[in-house]
$ cat entry.txt   # compact mmCIF, C-alpha atoms and all ligand atoms
# COMPACT_ATOMS: atom_id res chain seq x y z
CA VAL A 176 94.76 111.74 82.20
CA ARG A 177 95.06 109.62 85.32
CA LYS A 178 96.17 111.44 88.45
CA VAL A 179 99.42 109.98 89.72
CA ILE A 180 99.22 111.18 93.30
CA HIS A 181 95.99 110.53 95.14
CA ILE A 182 94.54 112.65 97.90
CA PRO A 183 94.53 111.00 101.33
CA LYS A 184 91.30 111.01 103.25
CA ALA A 185 91.43 111.05 107.03
CA GLN A 186 92.46 114.52 108.10
CA TYR A 187 91.24 116.16 111.29
CA GLY A 188 92.50 119.60 112.29
CA GLY A 189 95.53 119.32 110.01
CA ARG A 190 96.48 115.90 111.41
CA HIS A 191 96.37 112.72 109.38
CA THR A 192 95.62 109.25 110.64
CA VAL A 193 97.58 106.46 109.00
CA THR A 194 97.24 102.70 109.45
CA MET A 195 100.44 101.14 110.81
CA LEU A 196 101.02 97.44 110.10
CA PRO A 197 104.28 96.46 111.82
CA GLY A 198 104.28 92.88 110.45
CA GLY A 199 106.85 90.33 111.64
CA GLY A 200 110.61 90.15 112.21
CA ILE A 201 112.20 93.60 112.49
CA GLY A 202 108.91 95.33 111.55
CA PRO A 203 107.79 96.19 115.11
CA GLU A 204 111.14 97.64 116.23
CA LEU A 205 111.44 99.73 113.04
CA MET A 206 107.90 101.07 113.57
CA ASP A 207 108.85 102.07 117.12
CA TYR A 208 111.69 104.17 115.67
CA VAL A 209 109.32 105.80 113.18
CA LYS A 210 106.86 106.63 115.97
CA GLU A 211 109.63 108.12 118.12
CA ILE A 212 110.93 110.27 115.25
CA PHE A 213 107.41 111.53 114.47
CA ARG A 214 106.81 112.32 118.16
CA VAL A 215 110.09 114.22 118.59
CA GLY A 216 109.69 116.02 115.26
CA GLY A 217 106.13 117.08 116.10
CA ILE A 218 104.94 115.56 112.82
CA PRO A 219 101.13 115.82 112.63
CA VAL A 220 100.38 112.17 111.88
CA ASP A 221 98.61 109.71 114.20
CA PHE A 222 99.12 106.00 113.74
CA GLU A 223 96.36 103.43 114.04
CA LEU A 224 98.22 100.27 114.99
CA VAL A 225 96.84 97.12 113.37
CA GLN A 226 98.37 93.68 113.94
CA ILE A 227 98.02 90.93 111.39
CA ASP A 228 98.45 87.37 112.53
CA PRO A 229 99.65 85.23 109.63
CA LYS A 230 98.95 82.09 111.65
CA SER A 231 95.30 82.83 112.36
CA SER A 232 92.92 80.38 110.76
CA GLY A 233 90.31 82.95 109.73
CA ASN A 234 90.59 86.23 107.88
CA GLU A 235 89.21 88.62 110.53
CA ASP A 236 92.62 90.24 111.09
CA LEU A 237 93.03 90.84 107.38
CA GLU A 238 89.53 92.26 107.03
CA TYR A 239 90.13 94.55 109.97
CA ALA A 240 93.35 95.84 108.38
CA ILE A 241 91.63 96.43 105.05
CA THR A 242 88.79 98.33 106.75
CA SER A 243 91.33 100.50 108.56
CA ILE A 244 93.26 101.30 105.37
CA LYS A 245 90.04 102.06 103.51
CA ARG A 246 89.10 104.48 106.27
CA ASN A 247 92.49 106.20 106.47
CA GLY A 248 93.47 105.90 102.81
CA VAL A 249 97.14 105.40 103.70
CA ALA A 250 99.23 102.76 105.49
CA ILE A 251 102.84 102.19 106.48
CA LYS A 252 103.75 98.54 106.58
CA GLY A 253 106.39 96.01 107.56
CA ASN A 254 106.44 92.62 105.91
CA ILE A 255 104.10 89.91 107.15
CA GLU A 256 105.61 86.43 107.34
CA THR A 257 104.03 83.79 105.11
CA GLY A 258 106.02 80.76 106.15
CA SER A 259 103.28 78.20 105.58
CA LEU A 260 103.08 76.08 102.43
CA ASP A 261 99.49 75.20 103.37
CA THR A 262 97.53 76.19 100.27
CA GLY A 263 94.60 77.34 102.42
CA ILE A 264 96.74 80.11 103.93
CA ILE A 265 97.24 82.95 101.48
CA SER A 266 99.95 85.57 101.73
CA ARG A 267 98.62 88.49 103.77
CA ASN A 268 100.89 90.83 101.83
CA VAL A 269 99.48 89.76 98.47
CA ALA A 270 95.90 89.75 99.79
CA LEU A 271 96.21 93.34 101.02
CA ARG A 272 97.52 94.60 97.69
CA ASN A 273 94.84 92.73 95.76
CA GLU A 274 91.93 93.73 97.98
CA LEU A 275 92.94 97.41 97.86
CA ASP A 276 93.73 97.17 94.14
CA LEU A 277 97.23 98.60 94.62
CA TYR A 278 98.09 97.85 91.04
CA VAL A 279 101.46 99.55 90.89
CA ASN A 280 104.65 99.36 92.96
CA VAL A 281 107.19 102.15 92.62
CA LEU A 282 110.76 101.64 93.76
CA SER A 283 113.07 104.59 93.45
CA CYS A 284 116.60 103.18 93.43
CA LYS A 285 119.06 105.97 94.00
CA SER A 286 122.61 105.46 95.24
CA TYR A 287 123.67 106.95 98.56
CA PRO A 288 127.02 108.69 98.02
CA GLY A 289 128.07 107.85 101.59
CA VAL A 290 127.44 104.10 101.20
CA ILE A 291 130.11 101.86 99.73
CA ALA A 292 128.20 99.69 97.25
CA ARG A 293 128.79 97.47 94.24
CA GLN A 294 127.71 100.21 91.83
CA LYS A 295 127.84 103.99 92.12
CA ASP A 296 125.49 106.75 90.92
CA ILE A 297 122.52 104.53 90.20
CA ASP A 298 119.24 106.32 89.62
CA ILE A 299 116.62 103.85 88.40
CA LEU A 300 112.88 103.94 88.83
CA ILE A 301 111.14 100.55 88.82
CA ILE A 302 107.42 100.56 87.99
CA ARG A 303 106.06 97.10 88.72
CA GLN A 304 102.65 95.55 88.14
CA ASN A 305 101.67 94.71 91.70
CA THR A 306 98.52 92.58 91.68
CA GLU A 307 98.60 89.89 89.02
CA GLY A 308 101.10 87.99 86.85
CA GLU A 309 102.72 85.09 88.66
CA TYR A 310 101.23 86.28 91.97
CA ALA A 311 97.71 85.29 90.95
CA MET A 312 97.88 82.45 93.54
CA LEU A 313 95.98 80.20 91.13
CA GLU A 314 97.80 76.91 91.49
CA HIS A 315 96.51 73.37 91.59
CA GLU A 316 97.69 69.81 91.19
CA SER A 317 95.78 68.69 88.09
CA VAL A 318 96.82 65.05 88.40
CA SER A 319 99.20 63.59 90.95
CA GLY A 320 102.70 64.91 90.32
CA VAL A 321 101.60 67.65 87.92
CA VAL A 322 101.11 71.18 89.21
CA GLU A 323 99.70 73.99 87.14
CA SER A 324 100.22 77.63 88.06
CA MET A 325 98.46 80.43 86.24
CA LYS A 326 100.13 83.69 85.34
CA ILE A 327 97.46 86.28 84.73
CA VAL A 328 98.13 89.29 82.51
CA THR A 329 95.20 91.54 81.66
CA TYR A 330 94.84 94.27 79.11
CA ASP A 331 93.43 96.69 81.72
CA ASN A 332 96.17 96.23 84.29
CA SER A 333 98.94 96.31 81.69
CA GLU A 334 97.50 99.55 80.39
CA ARG A 335 97.21 101.28 83.73
CA VAL A 336 100.72 100.29 84.77
CA ALA A 337 102.15 101.55 81.49
CA ARG A 338 100.09 104.74 81.76
CA PHE A 339 101.27 105.24 85.34
CA ALA A 340 104.90 104.70 84.29
CA PHE A 341 104.84 107.21 81.44
CA GLU A 342 102.93 109.81 83.47
CA TYR A 343 105.36 109.37 86.37
CA ALA A 344 108.35 109.58 84.00
CA LYS A 345 106.93 112.73 82.42
CA LYS A 346 106.24 114.36 85.77
CA LEU A 347 109.78 113.68 86.98
CA GLY A 348 111.36 114.66 83.67
CA ARG A 349 112.82 111.19 83.07
CA LYS A 350 114.12 110.45 79.59
CA LYS A 351 113.65 106.74 78.91
CA VAL A 352 111.30 103.87 79.77
CA THR A 353 112.36 100.25 79.30
CA THR A 354 109.80 97.44 79.29
CA ILE A 355 111.21 94.22 80.77
CA HIS A 356 109.65 90.95 79.55
CA LYS A 357 110.08 87.41 78.29
CA ALA A 358 107.71 87.71 75.37
CA ASN A 359 109.94 85.51 73.20
CA ILE A 360 108.81 82.54 75.35
CA MET A 361 105.61 83.76 77.05
CA LYS A 362 104.19 85.13 73.84
CA LEU A 363 100.63 85.71 74.97
CA SER A 364 101.06 86.94 78.55
CA ASP A 365 104.29 88.93 78.34
CA GLY A 366 103.39 89.68 74.73
CA LEU A 367 100.27 91.50 75.87
CA PHE A 368 102.21 93.41 78.52
CA LEU A 369 104.88 94.44 76.01
CA GLU A 370 102.46 95.39 73.24
CA THR A 371 100.43 97.48 75.66
CA SER A 372 103.46 99.45 76.84
CA LYS A 373 104.52 100.02 73.23
CA ARG A 374 101.07 101.36 72.42
CA ILE A 375 101.03 103.72 75.41
CA ALA A 376 104.61 104.82 74.62
CA LYS A 377 103.39 106.31 71.34
CA GLU A 378 101.41 108.86 73.33
CA TYR A 379 104.64 110.11 74.92
CA PRO A 380 106.96 110.90 72.00
CA GLU A 381 109.20 113.01 74.26
CA ILE A 382 110.15 109.87 76.25
CA GLU A 383 112.31 107.21 74.61
CA HIS A 384 110.95 103.68 74.89
CA ASN A 385 112.81 100.41 74.46
CA GLU A 386 112.44 96.81 75.59
CA MET A 387 114.68 94.18 77.11
CA ILE A 388 114.34 90.49 77.93
CA ILE A 389 114.42 89.79 81.66
CA ASP A 390 117.47 87.52 81.67
CA ASN A 391 119.58 89.94 79.66
CA CYS A 392 118.24 92.71 81.91
CA CYS A 393 119.69 90.98 84.99
CA MET A 394 123.08 90.70 83.33
CA GLN A 395 122.97 94.31 82.13
CA LEU A 396 121.98 95.50 85.61
CA VAL A 397 125.03 93.93 87.18
CA SER A 398 127.48 95.03 84.48
CA ASN A 399 126.09 98.36 83.27
CA PRO A 400 123.13 99.61 85.34
CA HIS A 401 123.63 103.20 84.21
CA GLN A 402 121.87 102.52 80.90
CA PHE A 403 118.54 102.24 82.78
CA ASP A 404 116.25 105.13 83.66
CA VAL A 405 112.61 103.99 84.21
CA MET A 406 111.73 100.28 83.96
CA ILE A 407 108.26 98.70 83.67
CA MET A 408 107.66 95.03 84.36
CA THR A 409 105.27 92.34 85.55
CA ASN A 410 105.04 91.25 89.17
CA LEU A 411 107.61 88.47 89.58
CA TYR A 412 110.28 90.09 87.42
CA GLY A 413 109.61 93.20 89.48
CA THR A 414 110.43 91.63 92.81
CA ILE A 415 113.58 89.99 91.44
CA VAL A 416 114.86 93.11 89.69
CA SER A 417 114.03 95.22 92.76
CA ASN A 418 116.12 92.97 94.94
CA VAL A 419 119.00 92.93 92.44
CA ILE A 420 119.11 96.72 92.33
CA CYS A 421 118.76 97.08 96.10
CA GLY A 422 121.71 94.71 96.38
CA LEU A 423 123.75 96.87 94.01
CA VAL A 424 122.91 100.03 95.92
CA GLY A 425 123.50 98.75 99.45
CA GLY A 426 121.11 96.00 100.49
CA ALA A 427 117.72 95.49 102.09
CA GLY A 428 118.04 98.22 104.68
CA LEU A 429 118.09 101.36 102.56
CA LEU A 430 115.38 101.83 99.96
CA SER A 431 111.64 102.17 100.36
CA GLY A 432 108.81 101.13 98.05
CA LYS A 433 105.41 102.67 97.33
CA ASN A 434 102.22 100.80 96.45
CA TYR A 435 99.52 102.81 94.72
CA GLY A 436 96.01 102.24 93.49
CA ASP A 437 93.39 104.76 92.51
CA HIS A 438 92.19 105.14 96.10
CA TYR A 439 94.77 103.87 98.57
CA ALA A 440 98.52 103.81 99.15
CA ILE A 441 100.84 101.62 101.23
CA PHE A 442 104.44 102.54 102.03
CA GLU A 443 107.01 99.90 103.04
CA PRO A 444 110.69 98.89 102.81
CA GLY A 445 111.59 98.25 99.18
CA THR A 446 112.72 94.64 99.36
CA ARG A 447 109.79 93.57 101.58
CA ASN A 448 111.92 91.51 103.96
CA THR A 449 110.91 90.42 107.42
CA GLY A 450 114.53 90.23 108.64
CA THR A 451 113.46 87.58 111.15
CA SER A 452 117.01 86.40 111.83
CA ILE A 453 118.17 89.88 112.92
CA ALA A 454 115.07 90.87 114.93
CA GLY A 455 115.56 92.16 118.47
CA LYS A 456 119.34 92.55 118.09
CA ASN A 457 119.52 96.31 117.60
CA ILE A 458 121.37 95.80 114.29
CA ALA A 459 118.62 96.16 111.66
CA ASN A 460 119.07 99.15 109.41
CA PRO A 461 116.12 101.47 110.14
CA ILE A 462 116.65 103.65 107.04
CA ALA A 463 114.36 101.75 104.63
CA MET A 464 111.39 102.06 106.99
CA ILE A 465 112.20 105.70 107.77
CA ASN A 466 112.36 106.37 104.02
CA ALA A 467 108.94 104.71 103.73
CA SER A 468 107.69 107.23 106.29
CA VAL A 469 109.19 110.07 104.22
CA ASP A 470 107.32 108.76 101.14
CA MET A 471 104.18 108.67 103.24
CA LEU A 472 104.65 112.29 104.36
CA GLU A 473 105.16 113.42 100.76
CA HIS A 474 101.99 111.59 99.77
CA LEU A 475 100.06 113.26 102.59
CA GLY A 476 101.32 116.67 101.46
CA HIS A 477 103.52 117.29 104.51
CA GLN A 478 106.40 118.42 102.31
CA THR A 479 108.24 120.37 105.00
CA HIS A 480 108.31 117.46 107.43
CA ALA A 481 109.27 115.09 104.63
CA HIS A 482 112.16 117.37 103.72
CA ILE A 483 113.38 117.67 107.33
CA LEU A 484 113.31 113.91 107.74
CA SER A 485 115.01 113.10 104.43
CA SER A 486 117.72 115.68 105.18
CA ALA A 487 118.26 114.01 108.56
CA VAL A 488 118.64 110.66 106.77
CA ASN A 489 121.12 112.18 104.30
CA ASN A 490 123.17 113.78 107.06
CA THR A 491 123.29 110.52 108.97
CA VAL A 492 124.03 108.18 106.05
CA ASN A 493 126.06 110.36 103.68
CA VAL A 494 127.75 113.01 105.82
CA GLU A 495 128.31 111.45 109.24
CA LYS A 496 128.31 107.94 107.75
CA ILE A 497 126.63 106.31 110.74
CA HIS A 498 126.08 102.85 109.25
CA THR A 499 124.65 99.58 110.59
CA PRO A 500 126.51 96.28 109.86
CA ASP A 501 124.59 95.61 106.62
CA LEU A 502 126.31 98.73 105.20
CA GLY A 503 129.68 97.67 106.59
CA GLY A 504 129.44 99.88 109.67
CA THR A 505 129.47 99.21 113.39
CA ALA A 506 126.57 101.44 114.48
CA SER A 507 123.49 99.97 116.12
CA SER A 508 119.96 100.65 114.91
CA MET A 509 119.58 103.03 117.83
CA ASP A 510 122.77 104.94 116.96
CA VAL A 511 121.28 105.64 113.54
CA VAL A 512 117.95 106.67 115.04
CA GLN A 513 119.66 108.92 117.64
CA SER A 514 121.52 110.72 114.87
CA ILE A 515 118.33 111.20 112.88
CA LEU A 516 116.52 112.49 115.98
CA LYS A 517 119.33 114.98 116.59
CA HIS A 518 119.10 116.34 113.03
CA VAL A 519 115.31 116.45 113.10
CA LEU A 520 115.37 118.39 116.37
CA GLU A 521 117.95 120.88 115.05
CA ALA A 522 115.93 121.48 111.89
CA THR A 523 112.65 121.79 113.77
CA LYS A 524 114.11 124.32 116.24
CA SER A 525 115.52 126.56 113.52
CA MET A 526 112.21 126.66 111.66
CA LYS A 527 109.95 129.67 111.67
CA TRP A 528 106.38 128.33 111.66
P1 LIG B 601 115.25 86.57 107.24
O1 LIG B 601 113.77 86.65 107.43
O2 LIG B 601 115.79 85.19 107.22
O3 LIG B 601 116.03 87.45 108.17
P2 LIG B 601 114.78 88.10 104.85
O4 LIG B 601 114.43 87.37 103.62
O5 LIG B 601 113.68 88.73 105.59
O6 LIG B 601 115.58 87.11 105.80
O7 LIG B 601 115.86 89.21 104.50
C1 LIG B 601 116.90 88.94 103.56
C2 LIG B 601 118.22 89.43 104.09
O8 LIG B 601 118.19 90.85 104.24
C3 LIG B 601 118.56 88.87 105.46
O9 LIG B 601 119.95 88.61 105.47
C4 LIG B 601 118.21 89.98 106.39
O10 LIG B 601 118.98 89.94 107.56
C5 LIG B 601 118.55 91.20 105.57
N1 LIG B 601 117.78 92.40 105.96
C6 LIG B 601 116.47 92.61 105.73
N2 LIG B 601 116.09 93.80 106.21
C7 LIG B 601 117.18 94.36 106.77
C8 LIG B 601 117.44 95.59 107.44
N3 LIG B 601 116.48 96.50 107.65
N4 LIG B 601 118.68 95.82 107.90
C9 LIG B 601 119.67 94.94 107.70
N5 LIG B 601 119.49 93.77 107.08
C10 LIG B 601 118.27 93.47 106.61
MG MG B 602 112.15 86.75 106.00

$ encode --input "entry.txt" --output "structure tokens" --more "lines below"
Ligand code: ADP
Ligand code: MG
Amino acid sequence: VRKVIHIPKAQYGGRHTVTMLPGGGIGPELMDYVKEIFRVGGIPVDFELVQIDPKSSGNEDLEYAITSIKRNGVAIKGNIETGSLDTGIISRNVALRNELDLYVNVLSCKSYPGVIARQKDIDILIIRQNTEGEYAMLEHESVSGVVESMKIVTYDNSERVARFAFEYAKKLGRKKVTTIHKANIMKLSDGLFLETSKRIAKEYPEIEHNEMIIDNCCMQLVSNPHQFDVMIMTNLYGTIVSNVICGLVGGAGLLSGKNYGDHYAIFEPGTRNTGTSIAGKNIANPIAMINASVDMLEHLGHQTHAHILSSAVNNTVNVEKIHTPDLGGTASSMDVVQSILKHVLEATKSMKW
């Protein structure tokens, strides 16, 4: 049985080194907050800062980042802008996931009781194929005015995503897995994905399995999201559904996402936005990136620090309700960070090491 959580590598004297990729837009300011919280909280993680330049003509920056992540095993990441439609320039985000074979993306979508949102009490786990499907980047203009784009679905990747989903569901005691697809139209590609998840589901009789077509799924999510528990889907449906659910729960600034392969892991904000238009204004919600750092700490096995930090987030967002404008509040990014720092300090002081 495949191990769900992988052991990180670089550890010296109890400290871990993690690659930090700030990316564009609000990425750098959010990473500064994370670094400050880790410093104040005495969290034993060192960051190796790596900049990626999406405008560079070569791939040296990307190769450097990949080497760093391979060395450290773990990265925390902001989103890297891919504004160019030049076909020679590939998305750095996609390239990183492909090169490191981070075949699954996990988005835990849980409502915050202190946040006024479109839907309450949501608790959905999205398990998304992260490296193929419509993101294969295999497009060409076959004859003038006709573009072909390949959607790649493989038996092996469908199987390991389904396996990951059922193992994860079992480990967390979840009751139901729903496979999202459009196999009525894309009979071969989505058909393979669906058939594979059905086959794997048979090995987990204690977990209910059903299926739903992607368009109906979007409607059901908006009207009755509480019917969903764990969802499995291909890459493009995954990004759309992730954004829909984040919207229902409170927007781009709250939830974090995890990217796993057999050897490496990258943690990042769940909706993968750059937030370019709000950069440098002290209004970006820092919670999604801080939650990504909590995920990272859990992955590294620093459970106590992860718990202190997630409690600080809960106190700030749910109890004191210190909210940035995206959540309908008037607090600045720094107000939120100050509150988290205060709670982290209190918790750290009262601890007996
Ligand atoms: P842009 O790059 O134009 O700002 P994005 O696609 O990156 O837009 O983000 C989508 C929307 O989500 C934008 O309105 C952006 O401001 C918002 N957003 C993204 N991240 C955050 C955040 N951390 N806090 C608040 N709003 C955010
Ligand atoms: Mg953007």

$ atom_distance --input "entry.txt" --atom1 "atom CA of Lys285 of chain A" --atom2 "atom CA of Met408 of chain A"
18.5 Å

$ residues_near_ligand --input "entry.txt" --ligand "ligand MG 602 (chain B)" --cutoff "7 Å" --atoms "only C-alpha atoms and all ligand atoms" --output "JSON list (two decimals) with C-alpha atoms, in the coordinates of the input"
[["chain", "number", "residue", "atom", "x", "y", "z"],
["A", 256, "GLU", "CA", 105.61, 86.43, 107.34],
["A", 448, "ASN", "CA", 111.92, 91.51, 103.96],
["A", 449, "THR", "CA", 110.91, 90.42, 107.42],
["A", 450, "GLY", "CA", 114.53, 90.23, 108.64],
["A", 451, "THR", "CA", 113.46, 87.58, 111.15]]

$ atom_distance --input "entry.txt" --atom1 "atom CA of His474 of chain A" --atom2 "atom CA of Phe442 of chain A"
9.6 Å

$ atom_distance --input "entry.txt" --atom1 "atom CA of Tyr278 of chain A" --atom2 "atom CA of Ile441 of chain A"
11.2 Å

$ closest_residue --input "entry.txt" --among "A:His191, A:Ala440, A:Pro500, A:Asn466" --to "Ile515 of chain A" --atoms "all atoms listed in the file"
A:Asn466

$ residues_near_ligand --input "entry.txt" --ligand "ligand LIG 601 (chain B)" --cutoff "10 Å" --atoms "all atoms listed in the file" --output "VMD selection string"
chain A and resid 199 to 202 205 254 to 256 258 418 422 425 to 430 444 to 454 457 to 464 499 to 502 508

$ decode --input "entry.txt" --residues "segment 474-499 of chain A" --atoms "N, CA and C atoms" --output "compact mmCIF listing (two decimals), in the first residue's frame"
# COMPACT_ATOMS: atom_id res chain seq x y z
N HIS A 474 3.62 18.19 7.49
CA HIS A 474 4.35 17.27 6.62
C HIS A 474 5.74 16.98 7.16
N LEU A 475 6.38 18.00 7.72
CA LEU A 475 7.73 17.84 8.25
C LEU A 475 7.74 17.12 9.60
N GLY A 476 6.55 16.94 10.18
CA GLY A 476 6.47 16.27 11.47
C GLY A 476 6.59 17.21 12.66
N HIS A 477 6.52 18.51 12.41
CA HIS A 477 6.54 19.49 13.51
C HIS A 477 5.10 19.74 13.98
N GLN A 478 4.51 18.70 14.58
CA GLN A 478 3.07 18.79 14.90
C GLN A 478 2.76 19.87 15.92
N THR A 479 3.65 20.04 16.91
CA THR A 479 3.38 21.04 17.95
C THR A 479 3.36 22.44 17.36
N HIS A 480 4.35 22.75 16.55
CA HIS A 480 4.39 24.08 15.93
C HIS A 480 3.21 24.28 14.99
N ALA A 481 2.86 23.22 14.27
CA ALA A 481 1.71 23.31 13.36
C ALA A 481 0.45 23.63 14.16
N HIS A 482 0.31 22.97 15.30
CA HIS A 482 -0.88 23.17 16.12
C HIS A 482 -0.93 24.60 16.69
N ILE A 483 0.21 25.09 17.16
CA ILE A 483 0.27 26.45 17.70
C ILE A 483 -0.15 27.46 16.63
N LEU A 484 0.39 27.25 15.43
CA LEU A 484 0.11 28.20 14.35
C LEU A 484 -1.34 28.10 13.87
N SER A 485 -1.87 26.89 13.77
CA SER A 485 -3.27 26.80 13.31
C SER A 485 -4.22 27.31 14.38
N SER A 486 -3.87 27.16 15.65
CA SER A 486 -4.71 27.74 16.72
C SER A 486 -4.67 29.26 16.65
N ALA A 487 -3.50 29.81 16.35
CA ALA A 487 -3.38 31.27 16.22
C ALA A 487 -4.25 31.77 15.06
N VAL A 488 -4.27 31.00 13.97
CA VAL A 488 -5.13 31.37 12.83
C VAL A 488 -6.60 31.31 13.24
N ASN A 489 -6.98 30.24 13.93
CA ASN A 489 -8.38 30.11 14.37
C ASN A 489 -8.79 31.23 15.30
N ASN A 490 -7.93 31.56 16.26
CA ASN A 490 -8.24 32.65 17.18
C ASN A 490 -8.42 33.96 16.45
N THR A 491 -7.57 34.19 15.47
CA THR A 491 -7.61 35.45 14.73
C THR A 491 -8.85 35.53 13.83
N VAL A 492 -9.11 34.44 13.09
CA VAL A 492 -10.18 34.48 12.08
C VAL A 492 -11.55 34.20 12.69
N ASN A 493 -11.62 33.22 13.60
CA ASN A 493 -12.93 32.81 14.11
C ASN A 493 -13.34 33.48 15.42
N VAL A 494 -12.38 33.72 16.31
CA VAL A 494 -12.74 34.28 17.61
C VAL A 494 -12.69 35.81 17.57
N GLU A 495 -11.52 36.35 17.25
CA GLU A 495 -11.39 37.81 17.23
C GLU A 495 -11.93 38.42 15.94
N LYS A 496 -12.12 37.60 14.96
CA LYS A 496 -12.67 38.02 13.65
C LYS A 496 -11.91 39.21 13.06
N ILE A 497 -10.59 39.11 13.03
CA ILE A 497 -9.77 40.13 12.39
C ILE A 497 -9.66 39.76 10.92
N HIS A 498 -10.44 40.45 10.08
CA HIS A 498 -10.61 40.05 8.68
C HIS A 498 -10.14 41.14 7.71
N THR A 499 -9.45 40.73 6.67
CA THR A 499 -9.06 41.64 5.58
C THR A 499 -10.30 41.91 4.70
